[in-house]
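A quick write-up on the structure given underneath.
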Amino acid sequence: MTLVRWNSWKEIDTLQRQINSLFEDTRVPSVLLDRGLSKFPAAEIRETENAIHLKLELPGLEAKDLDVQVTEKAVYVSGERKSETKTEEKGVTRSEFNYGKFQRVIPLSARIQNTNVTADYKDGILNLTLPKTEQEKNKVVKVNLEQPTT
């Protein structure tokens, strides 16, 4: 009988190759689509001295289909993209569009005045301007660089 040493790194290497092959495959498995998982909207955040500017990509939706709620620390966006597929003709329809409900909570890096938020929705892009509170605007931290005396 031959004694073979077990190499745990070999199993990790096999797992790594399997994970890499999943990301190399550009086709979305139909199992994921059947579970009703839809992507949440892509976001872009830009922070200035006075405000946080948030852009959300929401193509194919009307403003009435969106629910946007803002607290001092986060933005909550939800909605539903309804399917427009018609089955009048026989045949196969293949779609990569995401339909269904979605939601996203975006934490903010600074406290904002949620009562003064302005919004603009045009061409599938939601632009939110979130003004910072006065405390956040004037927030300066003094760093002590003195050497300890010995």
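Residue names in the structure tokens use chain letters A, B, ... in the order shown, residue numbers from 1 in each chain, and ligand numbers from 1 in the order shown.
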Assign secondary structure with DSSP using the backbone only, and return the residues of region 10-137 of chain A in alpha helix (DSSP H) as a PyMOL selection string. chain A and resi 10-24+30-34+134-137
Residue contacts of Ile52 (chain A) (12 Å, only C-alpha atoms) excluding same-chain residues fewer than 3 positions away, as an MDAnalysis selection string: chainID A and resid 44:49 55 72:75 106:114 117:118 127:133 136:137
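Across the model, the gap from CA of Lys101 (chain A) to CA of Leu54 (chain A) is 20.9 Å.
Comparing A:Phe97, A:Pro59, A:Asp120, A:Trp6 by their smallest distance to Gly79 (chain A), the closest is A:Pro59 (using only C-alpha atoms).
Rounded to one decimal, CA of Tyr121 (chain A) and CA of Ser83 (chain A) lie 21.2 Å from each other.
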So what do you get for CA of Ser95 (chain A) versus CA of Ala42 (chain A), distance-wise? 19.8 Å
Using only C-alpha atoms, determine which residues lie at most 9 Å from Gln103 (chain A), disregarding the query and same-chain residues fewer than 3 positions distant; provide the list as a PyMOL selection string. chain A and resi 39-41+76-80
Keeping only N, CA, C and O atoms, write the selected residues to a file as a PDB file, in the first residue's frame.
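Output (out.pdb):
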ATOM      1  N   LYS A  39     -30.834  43.218 -10.952  1.00  0.00           N
ATOM      2  CA  LYS A  39     -29.718  44.083 -10.578  1.00  0.00           C
ATOM      3  C   LYS A  39     -30.242  45.372  -9.969  1.00  0.00           C
ATOM      4  O   LYS A  39     -31.287  45.863 -10.341  1.00  0.00           O
ATOM      5  N   PHE A  40     -29.492  45.902  -9.046  1.00  0.00           N
ATOM      6  CA  PHE A  40     -29.873  47.198  -8.516  1.00  0.00           C
ATOM      7  C   PHE A  40     -29.185  48.264  -9.351  1.00  0.00           C
ATOM      8  O   PHE A  40     -28.203  48.002 -10.029  1.00  0.00           O
ATOM      9  N   PRO A  41     -29.709  49.479  -9.327  1.00  0.00           N
ATOM     10  CA  PRO A  41     -29.187  50.517 -10.210  1.00  0.00           C
ATOM     11  C   PRO A  41     -27.750  50.908  -9.871  1.00  0.00           C
ATOM     12  O   PRO A  41     -27.358  50.954  -8.708  1.00  0.00           O
ATOM     13  N   TYR A  76     -32.414  55.684   0.086  1.00  0.00           N
ATOM     14  CA  TYR A  76     -33.098  54.423  -0.205  1.00  0.00           C
ATOM     15  C   TYR A  76     -33.871  54.607  -1.504  1.00  0.00           C
ATOM     16  O   TYR A  76     -34.684  55.527  -1.629  1.00  0.00           O
ATOM     17  N   VAL A  77     -33.586  53.759  -2.494  1.00  0.00           N
ATOM     18  CA  VAL A  77     -34.269  53.833  -3.783  1.00  0.00           C
ATOM     19  C   VAL A  77     -34.872  52.466  -4.080  1.00  0.00           C
ATOM     20  O   VAL A  77     -34.202  51.442  -3.954  1.00  0.00           O
ATOM     21  N   SER A  78     -36.144  52.461  -4.476  1.00  0.00           N
ATOM     22  CA  SER A  78     -36.776  51.206  -4.869  1.00  0.00           C
ATOM     23  C   SER A  78     -37.723  51.486  -6.024  1.00  0.00           C
ATOM     24  O   SER A  78     -38.117  52.619  -6.279  1.00  0.00           O
ATOM     25  N   GLY A  79     -38.071  50.421  -6.717  1.00  0.00           N
ATOM     26  CA  GLY A  79     -38.985  50.552  -7.844  1.00  0.00           C
ATOM     27  C   GLY A  79     -39.226  49.204  -8.480  1.00  0.00           C
ATOM     28  O   GLY A  79     -38.796  48.170  -7.959  1.00  0.00           O
ATOM     29  N   GLU A  80     -39.902  49.241  -9.605  1.00  0.00           N
ATOM     30  CA  GLU A  80     -40.177  48.000 -10.314  1.00  0.00           C
ATOM     31  C   GLU A  80     -40.161  48.264 -11.808  1.00  0.00           C
ATOM     32  O   GLU A  80     -40.797  49.190 -12.300  1.00  0.00           O
TER      33      GLU A  80
END
Hey, what does DSSP flag as strand (DSSP E or B) within region 70-140 of chain A? Can you give it to me as number ranges by chain? A: 70, 74-81, 100-107, 112, 118-122, 125-132
